[in-house]
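Below is my_file_37.txt, holding compact mmCIF, C-alpha atoms and all ligand atoms.
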```txt
# COMPACT_ATOMS: atom_id res chain seq x y z
CA MET A 11 0.00 0.00 0.00
CA THR A 12 1.34 3.44 -0.86
CA SER A 13 0.48 6.79 0.66
CA ALA A 14 -0.50 8.01 -2.82
CA ARG A 15 -3.38 5.53 -2.94
CA ASP A 16 -6.79 7.13 -3.13
CA LEU A 17 -9.15 4.43 -4.26
CA SER A 18 -12.88 4.76 -3.69
CA LEU A 19 -14.06 1.78 -1.71
CA GLY A 20 -16.11 -0.62 -3.75
CA THR A 21 -15.62 0.88 -7.19
CA VAL A 22 -13.34 -0.44 -9.91
CA THR A 23 -12.10 1.95 -12.58
CA VAL A 24 -10.60 0.89 -15.91
CA HIS A 25 -8.58 3.57 -17.69
CA ALA A 26 -8.15 2.73 -21.40
CA LEU A 27 -4.81 4.39 -22.20
CA HIS A 28 -3.85 5.04 -25.82
CA CYS A 29 -0.15 4.18 -25.94
CA GLY A 30 0.90 4.69 -29.55
CA SER A 31 0.16 2.67 -32.65
CA VAL A 32 1.44 -0.33 -34.54
CA GLY A 33 1.78 -0.77 -38.28
CA THR A 34 1.28 -4.41 -39.27
CA ASP A 35 0.26 -6.51 -42.20
CA GLU A 36 -3.51 -6.55 -42.73
CA THR A 37 -3.54 -10.31 -42.03
CA ILE A 38 -2.47 -9.78 -38.40
CA PRO A 39 -5.99 -8.82 -37.26
CA ASP A 40 -7.69 -11.14 -39.77
CA ARG A 41 -5.85 -14.12 -41.27
CA SER A 42 -8.52 -14.63 -43.95
CA ARG A 43 -7.24 -11.56 -45.87
CA SER A 44 -4.52 -13.58 -47.62
CA ALA A 45 -3.95 -17.18 -48.59
CA ASN A 46 -0.21 -16.67 -48.03
CA PRO A 47 0.52 -18.30 -44.66
CA LEU A 48 3.53 -16.01 -44.10
CA ALA A 49 1.76 -12.76 -45.02
CA TYR A 50 1.65 -11.72 -41.36
CA THR A 51 5.45 -11.32 -41.34
CA GLY A 52 5.07 -8.36 -43.71
CA VAL A 53 8.01 -9.65 -45.77
CA LEU A 54 7.60 -8.70 -49.47
CA ARG A 55 4.09 -7.41 -48.78
CA GLY A 56 4.57 -3.66 -49.05
CA GLU A 57 2.72 -0.58 -47.86
CA ARG A 58 -0.61 -1.34 -49.52
CA HIS A 59 -1.10 -4.32 -47.20
CA ARG A 60 -0.17 -2.39 -44.05
CA VAL A 61 -2.77 -1.26 -41.52
CA TRP A 62 -2.17 1.11 -38.60
CA LEU A 63 -3.80 0.09 -35.36
CA PRO A 64 -3.83 1.66 -31.90
CA VAL A 65 -2.04 0.04 -28.98
CA TYR A 66 -3.92 0.22 -25.68
CA CYS A 67 -2.77 -0.41 -22.14
CA TYR A 68 -5.19 -0.45 -19.22
CA LEU A 69 -4.85 0.82 -15.70
CA ILE A 70 -7.27 -0.93 -13.35
CA GLU A 71 -7.86 0.75 -9.99
CA ALA A 72 -9.59 -1.65 -7.61
CA PRO A 73 -10.19 -1.32 -3.85
CA ALA A 74 -7.31 -3.70 -3.13
CA GLY A 75 -4.81 -2.18 -5.54
CA ARG A 76 -3.75 -1.10 -9.00
CA VAL A 77 -2.94 -3.35 -11.94
CA LEU A 78 -1.45 -2.16 -15.22
CA VAL A 79 -2.25 -4.41 -18.17
CA ASP A 80 0.47 -4.37 -20.86
CA THR A 81 3.13 -1.75 -21.58
CA SER A 82 3.10 -0.97 -25.35
CA TRP A 83 6.31 0.60 -26.75
CA HIS A 84 9.45 1.78 -24.99
CA THR A 85 10.41 5.40 -25.61
CA ASP A 86 13.58 4.06 -27.31
CA VAL A 87 11.50 3.35 -30.43
CA ARG A 88 11.31 7.12 -30.98
CA GLU A 89 15.07 7.14 -31.65
CA ASP A 90 15.81 3.84 -33.39
CA GLN A 91 13.09 1.24 -33.52
CA ARG A 92 15.14 -1.43 -35.28
CA LYS A 93 17.62 -1.31 -32.44
CA ALA A 94 14.86 -1.17 -29.81
CA LEU A 95 12.82 -4.06 -31.21
CA SER A 96 15.29 -6.19 -33.23
CA TRP A 97 15.43 -6.12 -37.02
CA GLU A 98 13.09 -9.08 -37.56
CA LEU A 99 10.40 -7.81 -35.24
CA ASN A 100 10.61 -4.35 -36.74
CA VAL A 101 9.78 -5.79 -40.19
CA ALA A 102 6.52 -7.22 -38.83
CA SER A 103 5.65 -4.38 -36.42
CA LYS A 104 6.26 -0.67 -37.01
CA ALA A 105 6.09 1.35 -33.83
CA VAL A 106 4.67 4.85 -33.43
CA LEU A 107 4.84 6.48 -30.00
CA PRO A 108 3.96 10.20 -29.96
CA ALA A 109 5.10 12.37 -27.05
CA GLY A 110 2.92 11.79 -24.00
CA GLU A 111 1.70 8.35 -25.08
CA ALA A 112 4.36 6.11 -23.50
CA VAL A 113 2.76 4.08 -20.74
CA SER A 114 4.90 5.81 -18.09
CA GLU A 115 3.84 9.21 -19.50
CA GLN A 116 0.18 8.16 -19.41
CA LEU A 117 0.56 7.06 -15.77
CA ALA A 118 2.27 10.36 -14.91
CA ARG A 119 -0.66 12.23 -16.45
CA LEU A 120 -2.83 10.41 -13.89
CA GLY A 121 -0.42 11.41 -11.12
CA LEU A 122 1.02 7.92 -10.74
CA ALA A 123 4.52 6.50 -10.73
CA PRO A 124 5.22 2.82 -11.55
CA SER A 125 5.89 2.27 -7.83
CA ASP A 126 2.24 3.15 -7.16
CA LEU A 127 1.19 0.03 -9.07
CA ASP A 128 0.70 -3.31 -7.33
CA MET A 129 1.24 -5.38 -10.46
CA VAL A 130 2.10 -5.01 -14.10
CA PHE A 131 0.50 -7.87 -15.98
CA LEU A 132 1.53 -8.68 -19.54
CA THR A 133 -1.25 -10.41 -21.50
CA HIS A 134 1.55 -11.92 -23.58
CA LEU A 135 5.12 -11.08 -24.53
CA ASP A 136 4.80 -9.92 -28.14
CA VAL A 137 6.86 -6.82 -28.76
CA ASP A 138 3.97 -4.35 -28.94
CA HIS A 139 2.88 -5.41 -25.42
CA ALA A 140 6.25 -5.95 -23.72
CA SER A 141 8.52 -3.30 -25.27
CA GLY A 142 7.61 -0.72 -22.62
CA LEU A 143 8.27 -3.07 -19.70
CA LYS A 144 11.42 -1.31 -18.52
CA LEU A 145 9.56 2.02 -18.34
CA VAL A 146 7.58 0.57 -15.41
CA SER A 147 10.16 -1.84 -13.98
CA SER A 148 10.05 -0.14 -10.57
CA ALA A 149 6.58 -1.65 -10.04
CA PRO A 150 6.67 -4.25 -7.23
CA ARG A 151 5.55 -7.14 -9.45
CA ILE A 152 5.85 -7.64 -13.20
CA CYS A 153 4.06 -10.81 -14.29
CA CYS A 154 2.88 -12.95 -17.15
CA SER A 155 1.65 -16.53 -17.27
CA ARG A 156 4.22 -19.27 -16.81
CA GLU A 157 3.19 -20.74 -20.16
CA GLU A 158 3.97 -17.45 -21.92
CA LEU A 159 7.36 -17.04 -20.28
CA ASP A 160 8.21 -20.65 -21.14
CA ALA A 161 7.16 -20.10 -24.78
CA ALA A 162 9.25 -16.93 -24.99
CA GLY A 163 12.26 -18.74 -23.54
CA ALA A 164 12.02 -21.53 -26.09
CA GLY A 165 13.69 -19.46 -28.81
CA GLY A 166 12.51 -18.41 -32.26
CA VAL A 167 12.12 -14.94 -33.74
CA ARG A 168 8.70 -14.10 -32.31
CA TYR A 169 9.99 -12.92 -28.93
CA ASN A 170 12.84 -10.62 -27.93
CA PRO A 171 13.98 -11.59 -24.40
CA ARG A 172 16.21 -8.48 -24.33
CA LEU A 173 13.03 -6.54 -23.54
CA TRP A 174 12.90 -8.08 -20.05
CA GLU A 175 16.61 -8.70 -19.53
CA GLY A 176 17.52 -7.68 -15.97
CA VAL A 177 13.84 -7.41 -14.97
CA ASP A 178 12.39 -9.86 -12.45
CA LEU A 179 9.60 -11.08 -14.71
CA GLU A 180 7.47 -13.32 -12.48
CA PRO A 181 5.72 -16.33 -14.03
CA LEU A 182 2.22 -16.82 -12.64
CA ASP A 183 0.84 -20.32 -12.23
CA LEU A 184 -2.74 -20.26 -13.42
CA ALA A 185 -5.27 -22.22 -11.36
CA GLU A 186 -8.44 -24.11 -12.22
CA THR A 187 -11.02 -21.35 -11.85
CA GLY A 188 -13.73 -22.67 -14.15
CA GLU A 189 -13.68 -19.34 -15.98
CA GLY A 190 -12.66 -18.85 -19.60
CA PRO A 191 -12.30 -21.23 -22.54
CA GLU A 192 -9.65 -23.27 -20.71
CA GLY A 193 -11.25 -22.89 -17.27
CA ARG A 194 -7.99 -21.47 -15.91
CA GLY A 195 -6.93 -18.15 -14.52
CA LEU A 196 -6.06 -16.22 -11.37
CA ASP A 197 -7.96 -13.93 -9.00
CA VAL A 198 -5.31 -11.23 -8.48
CA PHE A 199 -6.52 -9.77 -5.17
CA GLY A 200 -8.70 -12.70 -4.04
CA ASP A 201 -11.83 -10.52 -4.09
CA GLY A 202 -12.93 -11.09 -7.71
CA SER A 203 -12.28 -7.47 -8.73
CA VAL A 204 -9.39 -8.24 -11.11
CA ARG A 205 -9.23 -11.70 -12.67
CA ILE A 206 -6.75 -13.11 -15.15
CA VAL A 207 -8.33 -15.51 -17.67
CA GLU A 208 -6.34 -17.83 -19.90
CA LEU A 209 -7.05 -17.02 -23.57
CA ALA A 210 -4.33 -19.08 -25.22
CA GLY A 211 -4.27 -19.35 -29.00
CA HIS A 212 -2.66 -16.24 -30.47
CA SER A 213 0.25 -17.17 -28.21
CA LEU A 214 0.61 -20.24 -26.00
CA GLY A 215 0.30 -18.39 -22.71
CA MET A 216 -1.87 -15.43 -23.61
CA CYS A 217 -4.35 -14.18 -21.02
CA GLY A 218 -7.14 -11.66 -20.85
CA VAL A 219 -8.18 -9.70 -17.77
CA ILE A 220 -11.63 -9.11 -16.27
CA ALA A 221 -12.35 -6.11 -14.03
CA GLU A 222 -15.58 -6.46 -12.08
CA ALA A 223 -17.65 -4.67 -9.46
CA ALA A 224 -21.29 -4.96 -8.43
CA GLY A 225 -21.99 -7.71 -10.94
CA ARG A 226 -20.82 -5.72 -13.99
CA PHE A 227 -17.57 -6.40 -15.79
CA VAL A 228 -15.16 -5.23 -18.48
CA LEU A 229 -13.17 -7.80 -20.45
CA MET A 230 -9.72 -6.93 -21.79
CA THR A 231 -8.86 -9.52 -24.44
CA GLY A 232 -5.23 -8.79 -25.30
CA ASP A 233 -4.82 -10.11 -28.84
CA ALA A 234 -7.31 -12.98 -28.57
CA CYS A 235 -9.32 -10.74 -30.88
CA TYR A 236 -8.67 -7.45 -32.63
CA ASP A 237 -12.02 -5.71 -32.94
CA ARG A 238 -15.75 -6.27 -32.72
CA ALA A 239 -15.85 -7.98 -36.13
CA SER A 240 -13.29 -10.53 -34.98
CA TRP A 241 -15.45 -11.84 -32.14
CA GLU A 242 -18.79 -11.36 -33.87
CA ASP A 243 -17.64 -13.08 -37.09
CA GLN A 244 -15.11 -15.37 -35.37
CA ARG A 245 -12.15 -14.14 -37.45
CA LEU A 246 -8.93 -15.76 -36.31
CA PRO A 247 -5.85 -13.57 -35.80
CA GLY A 248 -3.04 -13.87 -38.37
CA ILE A 249 -0.69 -15.30 -35.75
CA CYS A 250 -1.98 -18.37 -33.97
CA ALA A 251 0.34 -20.55 -31.89
CA ASP A 252 -2.66 -22.88 -31.46
CA ARG A 253 -5.54 -22.42 -33.91
CA ASP A 254 -8.05 -24.58 -32.07
CA ALA A 255 -7.39 -22.76 -28.82
CA ALA A 256 -7.61 -19.39 -30.63
CA ALA A 257 -11.03 -20.39 -31.99
CA SER A 258 -12.19 -21.41 -28.50
CA ALA A 259 -10.99 -18.08 -27.13
CA LEU A 260 -12.87 -16.15 -29.83
CA ALA A 261 -16.07 -18.08 -29.12
CA TRP A 262 -15.73 -17.42 -25.40
CA VAL A 263 -15.19 -13.67 -26.00
CA ARG A 264 -18.30 -13.59 -28.21
CA ASP A 265 -20.32 -15.19 -25.40
CA GLN A 266 -18.99 -12.67 -22.86
CA ALA A 267 -19.83 -9.78 -25.16
CA ALA A 268 -23.42 -11.03 -25.30
CA ASP A 269 -23.69 -11.22 -21.50
CA PRO A 270 -25.83 -8.31 -20.18
CA ALA A 271 -23.37 -7.98 -17.28
CA CYS A 272 -20.57 -7.18 -19.74
CA ILE A 273 -20.17 -3.40 -20.03
CA GLU A 274 -17.42 -3.49 -22.62
CA VAL A 275 -15.00 -5.78 -24.44
CA LEU A 276 -11.66 -4.07 -25.01
CA ALA A 277 -9.31 -5.49 -27.65
CA THR A 278 -5.80 -4.01 -27.53
CA HIS A 279 -5.78 -2.91 -31.17
CA ASP A 280 -9.45 -2.07 -31.81
CA PRO A 281 -9.58 1.07 -34.01
CA GLU A 282 -13.06 1.90 -32.65
CA VAL A 283 -11.83 2.32 -29.07
CA VAL A 284 -11.11 5.86 -27.88
CA PRO A 285 -9.28 6.73 -24.65
CA HIS A 286 -11.82 6.53 -21.83
CA ASP A 287 -12.45 5.65 -18.21
CA ILE A 288 -15.06 3.11 -17.13
CA VAL A 289 -16.25 3.15 -13.53
CA LEU A 290 -17.91 -0.01 -12.20
CA GLY A 291 -19.64 -0.39 -8.87
CA GLY A 292 -21.22 3.05 -8.52
CA PRO A 293 -24.98 3.64 -8.75
CA ALA A 294 -24.62 2.79 -12.47
CA PRO A 295 -21.58 1.96 -14.61
CA SER A 296 -20.20 5.07 -16.30
CA SER A 297 -17.91 5.65 -19.26
CA THR A 298 -16.15 8.95 -19.89
CA GLU A 299 -13.96 9.84 -22.86
CA THR A 300 -10.63 11.21 -21.72
CA GLY A 301 -8.89 12.33 -24.94
CA ASP A 302 -5.34 11.33 -25.80
ZN ZN A 401 -0.60 -6.89 -30.10
```
Can the structure from this file be put into structure tokens for me?
Ligand SMILES: [Zn+2]
Amino acid sequence: MTSARDLSLGTVTVHALHCGSVGTDETIPDRSRSANPLAYTGVLRGERHRVWLPVYCYLIEAPAGRVLVDTSWHTDVREDQRKALSWELNVASKAVLPAGEAVSEQLARLGLAPSDLDMVFLTHLDVDHASGLKLVSSAPRICCSREELDAAGAGGVRYNPRLWEGVDLEPLDLAETGEGPEGRGLDVFGDGSVRIVELAGHSLGMCGVIAEAAGRFVLMTGDACYDRASWEDQRLPGICADRDAAASALAWVRDQAADPACIEVLATHDPEVVPHDIVLGGPAPSSTETGD
């Protein structure tokens, strides 16, 4: 607990923070856009196949503490993104991080330092989610699922372990919760307010996060889906470490979106999302646009 904490008892607030953008091949959000199975790499695809998508991080303020979900880009990408991300990853993902949009800058705008957080949780370790990790490395806990950390440690070009080199990245053991497509997750504070839900598929250890108060909830999907069309039409992402699991995750997200208790489904790269705050647990849930 920090002296800076000022959390209204009983309410849970989700701040949707716009933390730059990513330029990727159009098959990343929707694999059906090309028959070429390697189109998502962006190699030999050119500008006409590139789409620019926002990158969102979320600050959840619950009665028991604060959780930051994902970290977007490090400020180093403003200088030299090939060096910051690795050459291979920079082919597939172009980073844009305007002044004020780094996750640490967005927290500072809210009057918070990384040490005011109780946990940083990475939905998965792809570069557009983990690059900014060292900007918030003074947070007491920086976590991802054990499955994701194991997958990232297994080698290959997808992950860049340099991004968390020297950081105590804590693997979380997911438990049988009965929630989510795999029935596994973790109740972060033990009061149901912030719950990690396994949404493997896009990556082997990917997780979403649910914030809940007074029977209403917000679901943050990470990259299990990219926008409303992806869960409504069950469009698989371009990168799937496990296609069957990715399809199960999409179906589960669609079912959550249809639940009257679900206030909002937030996909990290959904172009329709604007920066906003959602407050759960008051007389009625509220949503307020906050601007960039
Ligand atoms: Zn992503």
Exercise. Which neighbours of range 234-247 of chain A fall inside 8 Å, counting only C-alpha atoms, when residues of the same chain fewer than 2 positions from it are skipped, and could you give them as a PyMOL selection string?
Worked result: chain A and resi 37-42+209-212+216+218+231-232+249-250+253+256-257+259-261+263-264+277-282
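All residues of protein, DNA or RNA that reach within 7 Å of Gly142 in chain A, judged by only C-alpha atoms and not counting those fewer than 5 positions away in the chain, are Thr81, Ser82, Trp83 and His84 of chain A.
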Exercise. How would you write as a PyMOL selection string the residues that get within 8 Å of (-10.3, -13.8, -18.5) in the file's frame, counting all atoms listed in the file?
Worked result: chain A and resi 189-190+195+205-209+217-220+229-231
For this session: Would you kindly return, as number ranges by chain, each protein, DNA or RNA residue with an atom no farther than 9 Å from any atom of Gly202 in chain A, considering all atoms listed in the file and excluding same-chain residues fewer than 3 positions away?
Result: A: 197-199, 205, 220-223
Problem set entry | Pick from A:Ala161, A:Leu184, A:Gly33, A:Ala26 nearest to Glu71 in chain A, counting all atoms listed in the file | A:Ala26
Exercise. Restricting the calculation to only C-alpha atoms and all ligand atoms, which member of A:Gly225, A:Gly110, A:Gly163, A:Gly248 is positioned closest to ligand ZN 401 (chain A)?
Worked result: A:Gly248
For this session: Return the single residue from A:Glu115, A:Asp90, A:Asp128, A:Asp138 that is closest to Leu63 in chain A, with distances computed using only C-alpha atoms.
Result: A:Asp138
For this session: Give me, please, the distance in Å between CA of Lys104 in chain A and CA of Ser31 in chain A, quoted to one decimal.
Result: 8.2 Å
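Using all atoms listed in the file, the shortest contact distance between ligand ZN 401 (chain A) and any of A:Ser125, A:Thr133, A:Asn170, A:Ser114 is found at A:Thr133.
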Exercise. Skipping near chain neighbours, those fewer than 2 positions away, what residues fall within 12 Å of Ala72 in chain A using all atoms listed in the file, listed as a VMD selection string?
Worked result: chain A and resid 15 to 25 69 to 70 74 to 78 127 to 129 198 to 205 220 to 223 288 to 291
For this session: Name the closest residue to Glu158 in chain A among the candidates A:Ala251, A:Val228, A:Ala94, A:Val146; distances are taken between atoms, counting only C-alpha atoms.
Result: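 Of all the options, A:Ala251 lies closest to Glu158 in chain A.
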Exercise. To one decimal place, how far is CA of Arg58 in chain A from CA of Gln91 in chain A in Å?
Worked result: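 Answer for the CA of Arg58 in chain A to CA of Gln91 in chain A separation: 21.2 Å.
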Exercise. Please, what distance in Å, to one decimal, runs between CA of Gly215 in chain A and CA of Glu157 in chain A?
Worked result: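 Separation between CA of Gly215 in chain A and CA of Glu157 in chain A: 4.5 Å.
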His286 in chain A surroundings by all atoms listed in the file, 8 Å radius, close-in-sequence under 3 positions cut, as a PDB file with C-alpha atoms, keeping the file's coordinate frame:
```
ATOM      1  CA  HIS A  25      -8.580   3.570 -17.690  1.00  0.00           C
ATOM      2  CA  ALA A  26      -8.150   2.730 -21.400  1.00  0.00           C
ATOM      3  CA  LEU A  27      -4.810   4.390 -22.200  1.00  0.00           C
ATOM      4  CA  SER A 297     -17.910   5.650 -19.260  1.00  0.00           C
ATOM      5  CA  THR A 298     -16.150   8.950 -19.890  1.00  0.00           C
ATOM      6  CA  GLU A 299     -13.960   9.840 -22.860  1.00  0.00           C
ATOM      7  CA  THR A 300     -10.630  11.210 -21.720  1.00  0.00           C
ATOM      8  CA  GLY A 301      -8.890  12.330 -24.940  1.00  0.00           C
TER       9      GLY A 301
END
```
Give me range 54-132 of chain A from this structure - C-alpha atoms, as an mmCIF file, in the first residue's frame.
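Ended up saving to out10.cif:
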```cif
data_model
loop_
_atom_site.group_PDB
_atom_site.id
_atom_site.type_symbol
_atom_site.label_atom_id
_atom_site.label_comp_id
_atom_site.auth_asym_id
_atom_site.auth_seq_id
_atom_site.Cartn_x
_atom_site.Cartn_y
_atom_site.Cartn_z
ATOM 1 C CA LEU A 54 7.605 -8.695 -49.466
ATOM 2 C CA ARG A 55 4.088 -7.407 -48.783
ATOM 3 C CA GLY A 56 4.572 -3.656 -49.054
ATOM 4 C CA GLU A 57 2.716 -0.581 -47.864
ATOM 5 C CA ARG A 58 -0.606 -1.344 -49.524
ATOM 6 C CA HIS A 59 -1.101 -4.322 -47.197
ATOM 7 C CA ARG A 60 -0.174 -2.393 -44.051
ATOM 8 C CA VAL A 61 -2.767 -1.264 -41.515
ATOM 9 C CA TRP A 62 -2.167 1.105 -38.599
ATOM 10 C CA LEU A 63 -3.797 0.087 -35.360
ATOM 11 C CA PRO A 64 -3.829 1.661 -31.903
ATOM 12 C CA VAL A 65 -2.042 0.039 -28.985
ATOM 13 C CA TYR A 66 -3.920 0.221 -25.677
ATOM 14 C CA CYS A 67 -2.775 -0.414 -22.138
ATOM 15 C CA TYR A 68 -5.195 -0.454 -19.218
ATOM 16 C CA LEU A 69 -4.848 0.816 -15.696
ATOM 17 C CA ILE A 70 -7.275 -0.932 -13.350
ATOM 18 C CA GLU A 71 -7.858 0.750 -9.994
ATOM 19 C CA ALA A 72 -9.587 -1.653 -7.613
ATOM 20 C CA PRO A 73 -10.194 -1.324 -3.855
ATOM 21 C CA ALA A 74 -7.308 -3.700 -3.133
ATOM 22 C CA GLY A 75 -4.809 -2.176 -5.537
ATOM 23 C CA ARG A 76 -3.751 -1.103 -9.000
ATOM 24 C CA VAL A 77 -2.940 -3.348 -11.937
ATOM 25 C CA LEU A 78 -1.451 -2.156 -15.223
ATOM 26 C CA VAL A 79 -2.251 -4.412 -18.166
ATOM 27 C CA ASP A 80 0.471 -4.373 -20.864
ATOM 28 C CA THR A 81 3.132 -1.754 -21.584
ATOM 29 C CA SER A 82 3.098 -0.967 -25.352
ATOM 30 C CA TRP A 83 6.307 0.603 -26.746
ATOM 31 C CA HIS A 84 9.447 1.775 -24.987
ATOM 32 C CA THR A 85 10.415 5.404 -25.614
ATOM 33 C CA ASP A 86 13.585 4.061 -27.312
ATOM 34 C CA VAL A 87 11.504 3.347 -30.430
ATOM 35 C CA ARG A 88 11.307 7.119 -30.980
ATOM 36 C CA GLU A 89 15.071 7.137 -31.654
ATOM 37 C CA ASP A 90 15.812 3.845 -33.395
ATOM 38 C CA GLN A 91 13.090 1.240 -33.516
ATOM 39 C CA ARG A 92 15.139 -1.431 -35.283
ATOM 40 C CA LYS A 93 17.623 -1.312 -32.438
ATOM 41 C CA ALA A 94 14.864 -1.172 -29.810
ATOM 42 C CA LEU A 95 12.815 -4.063 -31.214
ATOM 43 C CA SER A 96 15.291 -6.190 -33.231
ATOM 44 C CA TRP A 97 15.431 -6.115 -37.023
ATOM 45 C CA GLU A 98 13.093 -9.084 -37.557
ATOM 46 C CA LEU A 99 10.399 -7.813 -35.237
ATOM 47 C CA ASN A 100 10.607 -4.352 -36.741
ATOM 48 C CA VAL A 101 9.781 -5.793 -40.186
ATOM 49 C CA ALA A 102 6.518 -7.223 -38.831
ATOM 50 C CA SER A 103 5.646 -4.382 -36.422
ATOM 51 C CA LYS A 104 6.263 -0.673 -37.015
ATOM 52 C CA ALA A 105 6.093 1.355 -33.827
ATOM 53 C CA VAL A 106 4.671 4.853 -33.428
ATOM 54 C CA LEU A 107 4.843 6.481 -30.001
ATOM 55 C CA PRO A 108 3.960 10.201 -29.962
ATOM 56 C CA ALA A 109 5.103 12.367 -27.052
ATOM 57 C CA GLY A 110 2.918 11.794 -24.003
ATOM 58 C CA GLU A 111 1.699 8.348 -25.080
ATOM 59 C CA ALA A 112 4.359 6.110 -23.504
ATOM 60 C CA VAL A 113 2.761 4.077 -20.739
ATOM 61 C CA SER A 114 4.900 5.807 -18.091
ATOM 62 C CA GLU A 115 3.837 9.206 -19.498
ATOM 63 C CA GLN A 116 0.183 8.163 -19.412
ATOM 64 C CA LEU A 117 0.564 7.064 -15.772
ATOM 65 C CA ALA A 118 2.275 10.362 -14.912
ATOM 66 C CA ARG A 119 -0.660 12.229 -16.447
ATOM 67 C CA LEU A 120 -2.830 10.408 -13.895
ATOM 68 C CA GLY A 121 -0.423 11.414 -11.120
ATOM 69 C CA LEU A 122 1.016 7.924 -10.744
ATOM 70 C CA ALA A 123 4.524 6.497 -10.731
ATOM 71 C CA PRO A 124 5.217 2.818 -11.551
ATOM 72 C CA SER A 125 5.891 2.270 -7.832
ATOM 73 C CA ASP A 126 2.236 3.154 -7.164
ATOM 74 C CA LEU A 127 1.186 0.034 -9.071
ATOM 75 C CA ASP A 128 0.700 -3.312 -7.328
ATOM 76 C CA MET A 129 1.241 -5.376 -10.458
ATOM 77 C CA VAL A 130 2.104 -5.010 -14.102
ATOM 78 C CA PHE A 131 0.502 -7.870 -15.981
ATOM 79 C CA LEU A 132 1.527 -8.681 -19.540
#
```
